[in-house]
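Text of target.csv (CSV, C-alpha atoms) as supplied:
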```
chain,number,residue,atom,x,y,z
A,1,MET,CA,0.0,0.0,0.0
A,2,LYS,CA,1.1,3.6,-0.6
A,3,GLY,CA,0.0,7.1,0.1
A,4,LEU,CA,-1.0,9.8,-2.3
A,5,TYR,CA,-0.2,13.5,-1.7
A,6,ILE,CA,-1.6,16.2,-3.9
A,7,HIS,CA,-0.1,19.7,-3.5
A,8,ILE,CA,-2.5,22.6,-4.2
A,9,PRO,CA,-0.1,25.5,-4.5
A,10,PHE,CA,-2.5,28.5,-4.1
A,11,CYS,CA,-2.9,30.8,-1.2
A,12,ARG,CA,-4.7,34.1,-0.4
A,13,HIS,CA,-1.6,35.3,1.4
A,14,LYS,CA,1.7,33.6,2.1
A,15,CYS,CA,2.4,33.4,5.9
A,16,LEU,CA,5.6,34.9,7.2
A,17,TYR,CA,7.0,31.5,8.3
A,18,CYS,CA,6.0,29.4,5.3
A,19,ASN,CA,8.7,27.8,3.1
A,20,PHE,CA,6.3,25.5,1.1
A,21,TYR,CA,5.9,26.4,-2.6
A,22,SER,CA,2.8,28.5,-3.2
A,23,MET,CA,1.5,31.5,-5.2
A,24,PRO,CA,-1.5,33.8,-5.1
A,25,TYR,CA,-4.8,32.2,-6.2
A,26,GLU,CA,-6.0,32.9,-9.7
A,27,TYR,CA,-9.0,31.1,-11.0
A,28,ASP,CA,-7.9,30.6,-14.6
A,29,LEU,CA,-4.5,29.3,-13.6
A,30,ALA,CA,-6.0,27.1,-10.9
A,31,TYR,CA,-8.5,25.6,-13.4
A,32,SER,CA,-5.6,24.7,-15.8
A,33,PHE,CA,-3.6,23.2,-13.0
A,34,ILE,CA,-6.5,21.1,-11.7
A,35,SER,CA,-7.1,19.9,-15.3
A,36,VAL,CA,-3.5,18.6,-15.4
A,37,ILE,CA,-3.9,17.0,-11.9
A,38,LEU,CA,-7.1,15.2,-13.0
A,39,LYS,CA,-5.3,13.8,-16.0
A,40,GLN,CA,-2.5,12.5,-13.7
A,41,ILE,CA,-5.0,11.0,-11.4
A,42,ALA,CA,-6.6,9.1,-14.3
A,43,GLU,CA,-3.3,7.5,-14.9
A,44,LEU,CA,-3.0,6.1,-11.4
A,45,GLU,CA,-3.9,2.6,-10.3
A,46,PRO,CA,-6.1,2.2,-7.2
A,47,GLY,CA,-4.6,0.8,-4.0
A,48,PHE,CA,-3.8,3.8,-1.9
A,49,SER,CA,-3.9,3.5,1.9
A,50,SER,CA,-4.4,7.3,2.2
A,51,VAL,CA,-5.0,10.4,0.2
A,52,TYR,CA,-3.8,13.8,1.5
A,53,ILE,CA,-4.6,17.1,-0.2
A,54,GLY,CA,-2.3,19.8,1.1
A,55,GLY,CA,-0.9,23.1,0.1
A,56,GLY,CA,-0.9,26.0,0.0
A,57,THR,CA,-4.5,26.3,0.8
A,58,PRO,CA,-6.7,23.7,-0.9
A,59,SER,CA,-9.9,25.3,0.5
A,60,ILE,CA,-9.2,28.5,-1.4
A,61,LEU,CA,-10.3,26.9,-4.6
A,62,ASP,CA,-13.7,28.0,-5.9
A,63,ILE,CA,-16.4,25.5,-4.9
A,64,ARG,CA,-17.1,24.5,-8.5
A,65,LEU,CA,-13.4,23.8,-9.0
A,66,LEU,CA,-13.3,21.8,-5.8
A,67,ASP,CA,-16.2,19.8,-6.9
A,68,ARG,CA,-14.6,19.0,-10.3
A,69,PHE,CA,-11.3,18.1,-8.6
A,70,LEU,CA,-12.7,15.9,-5.8
A,71,SER,CA,-15.1,14.2,-8.2
A,72,GLY,CA,-12.0,13.2,-10.3
A,73,LEU,CA,-10.6,11.3,-7.3
A,74,LYS,CA,-13.6,9.0,-7.0
A,75,GLY,CA,-12.0,6.2,-9.0
A,76,ILE,CA,-9.1,5.8,-6.6
A,77,ILE,CA,-10.8,6.3,-3.3
A,78,GLU,CA,-11.6,2.9,-2.0
A,79,LYS,CA,-13.5,1.9,1.2
A,80,ASP,CA,-11.8,2.8,4.5
A,81,VAL,CA,-9.1,5.0,2.8
A,82,GLU,CA,-8.1,7.9,5.0
A,83,PHE,CA,-8.9,11.0,2.9
A,84,THR,CA,-7.7,14.3,4.3
A,85,ILE,CA,-7.9,17.8,3.0
A,86,GLU,CA,-6.2,20.9,4.5
A,87,VAL,CA,-8.3,24.1,5.1
A,88,ASN,CA,-7.7,27.5,6.5
A,89,PRO,CA,-10.4,29.2,8.6
A,90,GLU,CA,-10.8,32.2,6.2
A,91,SER,CA,-11.5,30.1,3.1
A,92,ILE,CA,-14.0,27.6,4.4
A,93,ASP,CA,-17.8,27.6,4.8
A,94,GLU,CA,-20.7,25.2,5.3
A,95,ASP,CA,-21.1,24.6,1.5
A,96,LYS,CA,-17.5,23.5,1.1
A,97,LEU,CA,-17.6,21.3,4.1
A,98,LYS,CA,-20.7,19.6,2.8
A,99,LEU,CA,-19.1,19.1,-0.6
A,100,PHE,CA,-16.0,17.5,1.0
A,101,LEU,CA,-18.2,15.0,2.8
A,102,ASP,CA,-20.3,14.3,-0.2
A,103,ARG,CA,-17.1,13.6,-2.2
A,104,GLY,CA,-15.7,11.2,0.3
A,105,VAL,CA,-13.3,13.3,2.4
A,106,ASN,CA,-13.4,11.9,5.9
A,107,ARG,CA,-10.6,13.8,7.6
A,108,ILE,CA,-10.1,17.6,7.8
A,109,SER,CA,-7.0,19.4,8.9
A,110,ILE,CA,-7.5,23.0,9.9
A,111,GLY,CA,-4.6,25.4,10.0
A,112,VAL,CA,-5.5,27.3,13.2
A,113,GLN,CA,-1.9,27.9,14.5
A,114,SER,CA,-3.2,29.8,17.5
A,115,PHE,CA,-6.3,31.0,19.4
A,116,GLU,CA,-4.5,34.2,20.3
A,117,ASP,CA,-5.0,37.1,17.9
A,118,ILE,CA,-1.6,38.6,18.7
A,119,LYS,CA,0.2,35.4,17.7
A,120,LEU,CA,-1.9,35.1,14.5
A,121,LYS,CA,-0.8,38.6,13.5
A,122,LEU,CA,2.8,37.9,14.2
A,123,LEU,CA,2.6,34.8,12.1
A,124,GLY,CA,1.0,36.7,9.2
A,125,ARG,CA,-2.2,34.7,9.3
A,126,VAL,CA,-5.3,36.3,7.8
A,127,HIS,CA,-7.9,34.8,10.1
A,128,ASP,CA,-8.6,35.6,13.7
A,129,ALA,CA,-9.3,33.4,16.8
A,130,VAL,CA,-13.1,33.7,16.5
A,131,GLN,CA,-13.0,32.5,12.9
A,132,ALA,CA,-10.8,29.5,14.0
A,133,GLY,CA,-13.2,28.4,16.7
A,134,ARG,CA,-16.3,28.8,14.4
A,135,VAL,CA,-14.7,26.6,11.7
A,136,ILE,CA,-13.9,23.8,14.1
A,137,GLU,CA,-17.5,23.9,15.4
A,138,LEU,CA,-18.9,24.1,11.9
A,139,ALA,CA,-16.8,21.1,10.8
A,140,GLU,CA,-18.2,19.0,13.6
A,141,LYS,CA,-21.7,20.2,13.0
A,142,SER,CA,-21.4,19.4,9.3
A,143,GLY,CA,-20.6,15.8,10.1
A,144,PHE,CA,-16.8,15.5,10.3
A,145,ARG,CA,-15.7,13.0,13.0
A,146,ASN,CA,-12.0,13.2,12.3
A,147,ILE,CA,-10.8,16.7,12.9
A,148,SER,CA,-7.1,17.7,13.1
A,149,ILE,CA,-5.7,21.0,14.1
A,150,ASP,CA,-2.3,22.6,13.4
A,151,MET,CA,-0.8,24.7,16.2
A,152,ILE,CA,2.5,26.7,16.5
A,153,PHE,CA,4.4,27.7,19.6
A,154,GLY,CA,7.5,29.8,20.1
A,155,VAL,CA,6.4,33.0,18.5
A,156,ASN,CA,8.4,36.1,19.4
A,157,GLY,CA,7.2,37.5,22.8
A,158,GLU,CA,5.2,34.3,23.6
A,159,ASP,CA,5.7,32.9,27.1
A,160,LEU,CA,4.7,29.6,28.7
A,161,SER,CA,1.4,31.0,30.1
A,162,LEU,CA,0.3,32.1,26.7
A,163,TRP,CA,1.0,28.7,25.2
A,164,GLN,CA,-0.8,27.0,28.1
A,165,GLU,CA,-3.9,29.2,27.4
A,166,ASP,CA,-3.7,28.3,23.7
A,167,LEU,CA,-3.8,24.6,24.4
A,168,GLN,CA,-6.5,24.9,27.0
A,169,LYS,CA,-8.7,26.7,24.4
A,170,LEU,CA,-7.9,24.0,21.9
A,171,THR,CA,-9.0,21.2,24.2
A,172,GLY,CA,-12.3,22.9,24.7
A,173,PHE,CA,-13.2,21.8,21.2
A,174,ASN,CA,-14.0,18.3,20.0
A,175,VAL,CA,-10.7,17.7,18.2
A,176,ASN,CA,-9.3,14.2,17.5
A,177,HIS,CA,-5.8,15.1,16.4
A,178,LEU,CA,-3.2,17.8,16.9
A,179,SER,CA,0.0,18.7,15.1
A,180,CYS,CA,2.0,20.9,17.3
A,181,TYR,CA,5.1,22.6,15.8
A,182,SER,CA,7.8,24.8,17.2
A,183,LEU,CA,8.2,27.9,15.0
A,184,THR,CA,11.2,27.7,12.8
A,185,TYR,CA,12.9,30.5,10.8
A,186,GLU,CA,13.6,29.0,7.4
A,187,LYS,CA,15.8,30.6,4.8
A,188,GLY,CA,13.7,32.2,2.0
A,189,THR,CA,10.8,33.1,4.3
A,190,SER,CA,9.9,36.6,5.4
A,191,LEU,CA,10.3,35.6,9.0
A,192,PHE,CA,13.9,34.6,8.5
A,193,ASN,CA,14.9,38.2,7.7
A,194,MET,CA,13.3,39.7,10.8
A,195,LYS,CA,15.5,40.8,13.7
A,196,ASP,CA,13.4,39.0,16.3
A,197,LYS,CA,14.0,35.3,16.4
A,198,GLY,CA,11.3,33.9,18.6
A,199,VAL,CA,11.9,32.7,22.2
A,200,ASN,CA,15.0,31.1,23.7
A,201,GLU,CA,15.6,27.4,23.8
A,202,GLU,CA,14.7,27.0,27.5
A,203,ILE,CA,11.3,28.5,27.1
A,204,LEU,CA,10.7,26.4,23.9
A,205,ALA,CA,11.6,23.3,25.9
A,206,ASP,CA,9.2,24.3,28.7
A,207,MET,CA,6.4,24.8,26.1
A,208,TYR,CA,7.0,21.4,24.6
A,209,ARG,CA,7.2,19.7,28.0
A,210,PHE,CA,3.8,21.3,28.9
A,211,ALA,CA,2.2,19.9,25.7
A,212,MET,CA,3.6,16.4,26.4
A,213,ALA,CA,2.3,16.5,29.9
A,214,TYR,CA,-1.1,18.3,29.4
A,215,LEU,CA,-2.5,16.9,26.2
A,216,PRO,CA,-2.6,13.2,27.3
A,217,THR,CA,-4.7,14.3,30.3
A,218,LYS,CA,-7.3,15.5,27.7
A,219,GLY,CA,-7.2,12.2,25.7
A,220,LEU,CA,-4.7,13.3,23.1
A,221,GLN,CA,-1.8,10.8,23.2
A,222,HIS,CA,1.7,11.7,22.1
A,223,TYR,CA,2.3,9.2,19.2
A,224,GLU,CA,5.0,11.1,17.3
A,225,VAL,CA,7.4,14.0,18.0
A,226,SER,CA,5.0,16.7,16.8
A,227,ASN,CA,1.7,14.8,16.9
A,228,PHE,CA,-1.0,13.9,19.4
A,229,ALA,CA,-4.2,12.0,18.8
A,230,LYS,CA,-7.1,10.2,20.5
A,231,PRO,CA,-6.8,6.4,20.2
A,232,GLY,CA,-7.6,5.4,16.6
A,233,PHE,CA,-7.2,8.8,15.1
A,234,GLU,CA,-3.5,8.8,14.4
A,235,CYS,CA,-2.8,10.1,10.9
A,236,ARG,CA,-2.4,7.0,8.7
A,237,HIS,CA,-0.9,9.2,5.9
A,238,ASN,CA,2.0,10.4,8.1
A,239,LEU,CA,2.5,7.0,9.7
A,240,ASN,CA,3.2,5.8,6.2
A,241,TYR,CA,6.0,8.4,5.9
A,242,TRP,CA,7.5,7.4,9.3
A,243,ASP,CA,7.5,3.8,8.3
A,244,ASN,CA,9.4,4.8,5.1
A,245,ASN,CA,6.8,3.2,2.9
A,246,SER,CA,6.0,4.2,-0.7
A,247,TYR,CA,4.1,7.4,-1.7
A,248,ILE,CA,3.3,9.4,-4.7
A,249,GLY,CA,3.4,13.2,-4.8
A,250,LEU,CA,1.5,15.2,-7.4
A,251,GLY,CA,1.7,18.9,-8.0
A,252,PRO,CA,4.7,21.3,-8.0
A,253,SER,CA,7.4,20.5,-5.4
A,254,GLY,CA,5.6,17.1,-4.8
A,255,VAL,CA,7.9,14.3,-3.6
A,256,SER,CA,7.4,10.6,-4.5
A,257,CYS,CA,9.2,7.5,-3.2
A,258,ILE,CA,8.4,4.3,-5.1
A,259,ASP,CA,10.4,1.1,-4.4
A,260,GLY,CA,13.1,3.1,-2.9
A,261,MET,CA,13.3,5.6,-5.8
A,262,ARG,CA,12.8,9.2,-4.5
A,263,SER,CA,12.0,12.0,-6.9
A,264,GLU,CA,10.8,15.6,-6.7
A,265,ASN,CA,8.7,17.6,-9.0
A,266,ILE,CA,9.5,21.0,-10.5
A,267,SER,CA,8.5,23.9,-8.1
A,268,ASP,CA,6.7,26.1,-10.6
A,269,VAL,CA,3.0,25.7,-11.3
A,270,ILE,CA,3.1,27.3,-14.7
A,271,GLU,CA,6.0,25.2,-15.9
A,272,TYR,CA,4.4,22.1,-14.3
A,273,ILE,CA,1.3,22.7,-16.6
A,274,LYS,CA,3.4,23.4,-19.7
A,275,MET,CA,5.8,20.4,-19.2
A,276,TYR,CA,2.9,18.0,-18.6
A,277,GLU,CA,1.1,19.1,-21.7
A,278,LYS,CA,4.3,18.6,-23.7
A,279,GLY,CA,4.8,15.2,-22.3
A,280,LEU,CA,8.0,16.2,-20.5
A,281,ASP,CA,9.3,14.7,-17.3
A,282,LEU,CA,8.2,16.8,-14.3
A,283,LYS,CA,10.9,15.4,-12.0
A,284,VAL,CA,13.8,17.7,-11.3
A,285,SER,CA,15.7,15.1,-9.2
A,286,LYS,CA,15.8,11.4,-8.8
A,287,GLU,CA,17.7,9.3,-6.3
A,288,LYS,CA,17.7,5.7,-5.2
A,289,LEU,CA,19.6,5.0,-1.9
A,290,PRO,CA,21.7,1.9,-1.6
A,291,PRO,CA,20.1,-0.7,0.8
A,292,LEU,CA,22.2,0.2,3.8
A,293,GLU,CA,21.5,3.9,3.5
A,294,SER,CA,17.8,3.2,3.0
A,295,ALA,CA,17.8,1.1,6.2
A,296,LYS,CA,19.5,3.9,8.1
A,297,GLU,CA,16.9,6.4,6.8
A,298,THR,CA,14.1,4.1,7.9
A,299,ALA,CA,15.7,4.1,11.4
A,300,SER,CA,16.0,7.9,11.3
A,301,LEU,CA,12.3,8.3,10.5
A,302,LYS,CA,10.8,5.6,12.7
A,303,ILE,CA,12.6,6.7,15.9
A,304,ARG,CA,10.3,9.8,15.8
A,305,THR,CA,7.3,7.7,16.8
A,306,ARG,CA,6.4,7.0,20.4
A,307,GLN,CA,6.6,3.2,19.8
A,308,GLY,CA,10.2,3.6,18.4
A,309,ILE,CA,11.9,0.9,16.4
A,310,ASN,CA,11.0,-2.8,17.0
A,311,TYR,CA,14.0,-4.9,16.1
A,312,ASP,CA,12.0,-7.6,14.4
A,313,TRP,CA,10.0,-5.1,12.4
A,314,PHE,CA,13.2,-3.4,11.3
A,315,LYS,CA,14.8,-6.7,10.2
A,316,HIS,CA,11.7,-7.6,8.2
A,317,LYS,CA,11.4,-4.1,6.7
A,318,THR,CA,15.0,-3.5,5.7
A,319,GLY,CA,16.8,-6.9,5.9
A,320,PHE,CA,19.4,-5.5,8.3
A,321,ASP,CA,19.9,-6.1,12.0
A,322,PHE,CA,19.3,-2.7,13.7
A,323,ASN,CA,21.8,-3.3,16.5
A,324,GLU,CA,24.6,-4.1,14.0
A,325,ILE,CA,24.2,-1.1,11.7
A,326,GLU,CA,23.4,1.4,14.4
A,327,LYS,CA,25.6,0.0,17.3
A,328,ASP,CA,27.8,3.0,17.8
A,329,ALA,CA,24.9,5.5,17.5
A,330,VAL,CA,22.8,3.5,20.0
A,331,SER,CA,25.5,3.4,22.6
A,332,ASP,CA,26.2,7.1,22.4
A,333,LEU,CA,22.5,8.0,22.5
A,334,ILE,CA,21.8,5.8,25.4
A,335,GLU,CA,24.7,7.3,27.3
A,336,GLN,CA,23.3,10.7,26.7
A,337,GLY,CA,19.9,9.6,28.0
A,338,LEU,CA,18.2,10.3,24.7
A,339,ILE,CA,17.0,6.8,23.9
A,340,GLU,CA,16.4,3.6,25.8
A,341,SER,CA,16.4,-0.1,24.7
A,342,ARG,CA,13.9,-2.5,26.2
A,343,ASP,CA,11.4,-5.2,25.2
A,344,GLY,CA,12.9,-5.8,21.8
A,345,ARG,CA,12.9,-2.2,20.7
A,346,VAL,CA,14.6,1.2,21.0
A,347,GLN,CA,12.7,4.4,21.6
A,348,LEU,CA,13.0,8.0,22.6
A,349,THR,CA,13.1,9.0,26.3
A,350,GLN,CA,11.3,12.1,27.5
A,351,LYS,CA,14.6,14.0,27.1
A,352,GLY,CA,15.0,12.4,23.7
A,353,PHE,CA,11.8,14.0,22.4
A,354,LEU,CA,13.3,17.4,23.2
A,355,PHE,CA,16.4,16.4,21.0
A,356,SER,CA,14.6,14.3,18.4
A,357,ASP,CA,16.4,15.9,15.5
A,358,THR,CA,19.8,15.1,17.1
A,359,VAL,CA,18.7,11.4,17.5
A,360,SER,CA,17.3,11.2,13.9
A,361,ALA,CA,20.6,12.6,12.5
A,362,ALA,CA,22.7,10.2,14.5
A,363,PHE,CA,21.1,7.2,12.8
A,364,LEU,CA,21.9,8.4,9.2
```
Mind converting the file's structure to structure tokens?
Amino acid sequence: MKGLYIHIPFCRHKCLYCNFYSMPYEYDLAYSFISVILKQIAELEPGFSSVYIGGGTPSILDIRLLDRFLSGLKGIIEKDVEFTIEVNPESIDEDKLKLFLDRGVNRISIGVQSFEDIKLKLLGRVHDAVQAGRVIELAEKSGFRNISIDMIFGVNGEDLSLWQEDLQKLTGFNVNHLSCYSLTYEKGTSLFNMKDKGVNEEILADMYRFAMAYLPTKGLQHYEVSNFAKPGFECRHNLNYWDNNSYIGLGPSGVSCIDGMRSENISDVIEYIKMYEKGLDLKVSKEKLPPLESAKETASLKIRTRQGINYDWFKHKTGFDFNEIEKDAVSDLIEQGLIESRDGRVQLTQKGFLFSDTVSAAFL
């Protein structure tokens, strides 16, 4: 089984921190782009374990265009497939939510980021806290039973108490899944060029510790470094990535990995359309890792999950003995208190979750 990701590269406004490929929404360009995507979808064989429509802002599409697009996915959406669409509060309404459900979407991911207006302004978001709350309630009222929220912490001037209030407001809604990210200052973003660089590492760590301690008391279990969910609502699409399984990425900047061959699409929607219509290869890079490097990459991804790496699973998945290829890294990380080995597996400690990037890099 494999996952399908479709990148919709249109936004009303690019957020200050965003480094994903996107451009301002224009109906005619979006129509041409969706026409190409529909042709690509028609070329796919069924058998996807999950379908994820991300962006950009997929919900910014005109409702007629959304209907045309989602209807075209019908042939590959099989029973029990997790079908997610990302939305932003300012571009969603009751009619679009009804359309999503009618066309088989069963999971909605709402880009809230915060319930504090001051944080939203600092992030460059175009919705406010009231809109965010209304959309969550409207999604539930419309019939969605699998609602995911994105939140960000570590905005310049934010302290622990503000983050605590944010999460307390979040848990007042009927949310099944939360993706919780520390603000990063990526090169190429507007935020990167600003003088103020968020909060210090100690405050960031306190914010993350609070999330890890508080959210499980509200039923949201910590199942991956940045993700929390009620039992049974873990994101299947992302779990597929962390297991280093196959996936296909459509749209500009989309990434695919099939049978170990990783490729990336051109990051230009206009060129994407032109090249497809000319029958040209949309891939700007292709790479197939040797078996050992691929196994190490699997370890680097899987360690991010709460369950960690089961030795038998790893051997079956990669053909390698985990304790042989990662012996030195494991010893060092255990000594630093970042991972622990028990019950036939290795997994992050509480301290390890704070330094998960360090642990992941050590396995490569």
Can you list, as a list of chain:residue names, every protein, DNA or RNA residue that comes within 6 Å of range 288-303 of chain A when you count only C-alpha atoms, leaving out same-chain residues fewer than 3 positions away?
A:Trp242, A:Asp243, A:Asn244, A:Gly260, A:Met261, A:Gly308, A:Ile309, A:Thr318, A:Ser360, A:Phe363, A:Leu364
Which residues of range 175-259 of chain A have any atom within 9 Å of an atom in range 28-48 of chain A when counting only C-alpha atoms, and what is the closest pair of atoms for each, with the distance in Å to one decimal? Order the rows by chain and rising number and write it as CSV.
```
residue,atom,partner,partner_atom,distance
A:Tyr247,CA,A:Phe48,CA,8.7
A:Leu250,CA,A:Ile37,CA,7.3
A:Gly251,CA,A:Ile37,CA,7.1
```
Can those selected residues be exported to a file as a PDB file, keeping the file's coordinate frame so that it contains C-alpha atoms?
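What ended up in part-v3.pdb:
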```
ATOM      1  CA  TYR A 247       4.100   7.400  -1.700  1.00  0.00           C
ATOM      2  CA  LEU A 250       1.500  15.200  -7.400  1.00  0.00           C
ATOM      3  CA  GLY A 251       1.700  18.900  -8.000  1.00  0.00           C
TER       4      GLY A 251
END
```
Taking only C-alpha atoms into account, name the residue in A:Ser256, A:Val51, A:Val155, A:Glu137 that is nearest to Ser285 in chain A.
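Checking each candidate against Ser285 in chain A, we get A:Ser256 as the closest.
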Nearest residue to Gly232 in chain A from the set A:Glu82, A:Ala211, A:Arg68, A:Phe314 (distances using all atoms listed in the file):
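The closest residue to Gly232 in chain A is A:Glu82.
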Who sits within 7 Å of range 159-161 of chain A, only C-alpha atoms, same chain under 2 positions skipped, as a list in words:
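The neighbour list is Gly157, Trp163, Gln164, Glu165, Ile203, Asp206 and Met207 of chain A.
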Smallest atom-to-atom distance to Ser91 in chain A: which of A:Tyr214, A:Tyr52, A:Phe115, A:Tyr25, using only C-alpha atoms?
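Checking each of A:Tyr214, A:Tyr52, A:Phe115, A:Tyr25 against Ser91 in chain A, counting only C-alpha atoms, the winner is A:Tyr25.
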Mind giving me the straight-line distance from CA of Ile248 in chain A to CA of Tyr272 in chain A in Å, one decimal?
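Taking CA of Ile248 in chain A and CA of Tyr272 in chain A, their separation equals 16.0 Å.
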In Å, how far is it from CA of Leu99 in chain A to CA of Lys2 in chain A?
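Between these atoms lies a distance of 25.5 Å.
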Determine, counting all atoms listed in the file, which protein, DNA and RNA residues have an atom within 6 Å of an atom of Ala229 in chain A; residues of the same chain fewer than 6 positions away are not included. Present the result as a PyMOL selection string.
chain A and resi 176-177+220-221
What is the distance, in Å and to one decimal place, between CA of Ser253 in chain A and CA of Ser179 in chain A?
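Straight-line distance from CA of Ser253 in chain A to CA of Ser179 in chain A works out to 21.9 Å.
For the residues A:Val87, A:Ile8, A:Val225, A:Ile110, ranking by smallest atom-to-atom distance to Gly55 in chain A using only C-alpha atoms places A:Ile8 first.
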Which of these, A:Glu202, A:Glu26, A:Asp343, A:Glu86, has the shortest distance to Ile6 in chain A once you count only C-alpha atoms?
A:Glu86
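Around the point (0.6, 6.4, 15.9), within 8 Å and counting only C-alpha atoms, we find these residues: A:Tyr223, A:Glu224, A:Ala229, A:Glu234, A:Cys235, A:Arg236, A:Leu239, A:Thr305, A:Arg306, A:Gln307.
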I need the chosen residues saved as a compact mmCIF listing (two decimals), in the coordinates of the input, with C-alpha atoms.
```txt
# COMPACT_ATOMS: atom_id res chain seq x y z
CA TYR A 223 2.30 9.20 19.20
CA GLU A 224 5.00 11.10 17.30
CA ALA A 229 -4.20 12.00 18.80
CA GLU A 234 -3.50 8.80 14.40
CA CYS A 235 -2.80 10.10 10.90
CA ARG A 236 -2.40 7.00 8.70
CA LEU A 239 2.50 7.00 9.70
CA THR A 305 7.30 7.70 16.80
CA ARG A 306 6.40 7.00 20.40
CA GLN A 307 6.60 3.20 19.80
```
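Here the question is which of A:Lys230, A:Ile149, A:Lys317, A:Arg64 gets nearest to Asn245 in chain A using only C-alpha atoms, and that residue is A:Lys317.
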Fill-in result for range 314-331 of chain A, N, CA and C atoms as a CSV table (one decimal), in the coordinates of the input:
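Saved result, selection_8.csv, follows:
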```csv
chain,number,residue,atom,x,y,z
A,314,PHE,N,12.2,-4.0,12.1
A,314,PHE,CA,13.2,-3.4,11.3
A,314,PHE,C,13.9,-4.4,10.4
A,315,LYS,N,14.2,-5.6,11.0
A,315,LYS,CA,14.8,-6.7,10.2
A,315,LYS,C,13.9,-7.1,9.0
A,316,HIS,N,12.6,-7.2,9.3
A,316,HIS,CA,11.7,-7.6,8.2
A,316,HIS,C,11.6,-6.5,7.2
A,317,LYS,N,11.6,-5.3,7.6
A,317,LYS,CA,11.4,-4.1,6.7
A,317,LYS,C,12.6,-3.9,5.8
A,318,THR,N,13.8,-4.0,6.4
A,318,THR,CA,15.0,-3.5,5.7
A,318,THR,C,16.0,-4.7,5.4
A,319,GLY,N,15.9,-5.8,6.1
A,319,GLY,CA,16.8,-6.9,5.9
A,319,GLY,C,18.1,-6.8,6.7
A,320,PHE,N,18.2,-5.7,7.5
A,320,PHE,CA,19.4,-5.5,8.3
A,320,PHE,C,19.0,-5.6,9.8
A,321,ASP,N,20.1,-6.0,10.6
A,321,ASP,CA,19.9,-6.1,12.0
A,321,ASP,C,20.2,-4.7,12.6
A,322,PHE,N,19.2,-4.1,13.2
A,322,PHE,CA,19.3,-2.7,13.7
A,322,PHE,C,20.5,-2.6,14.6
A,323,ASN,N,20.7,-3.5,15.5
A,323,ASN,CA,21.8,-3.3,16.5
A,323,ASN,C,23.2,-3.5,15.9
A,324,GLU,N,23.3,-4.0,14.7
A,324,GLU,CA,24.6,-4.1,14.0
A,324,GLU,C,24.9,-2.8,13.3
A,325,ILE,N,23.9,-2.3,12.5
A,325,ILE,CA,24.2,-1.1,11.7
A,325,ILE,C,24.2,0.2,12.5
A,326,GLU,N,23.5,0.2,13.7
A,326,GLU,CA,23.4,1.4,14.4
A,326,GLU,C,24.1,1.3,15.8
A,327,LYS,N,25.0,0.3,16.0
A,327,LYS,CA,25.6,0.0,17.3
A,327,LYS,C,26.2,1.2,17.9
A,328,ASP,N,27.1,1.9,17.2
A,328,ASP,CA,27.8,3.0,17.8
A,328,ASP,C,26.8,4.2,18.2
A,329,ALA,N,25.9,4.5,17.3
A,329,ALA,CA,24.9,5.5,17.5
A,329,ALA,C,24.1,5.2,18.7
A,330,VAL,N,23.6,4.0,18.8
A,330,VAL,CA,22.8,3.5,20.0
A,330,VAL,C,23.5,3.7,21.3
A,331,SER,N,24.7,3.3,21.3
A,331,SER,CA,25.5,3.4,22.6
A,331,SER,C,25.7,4.8,23.0
```
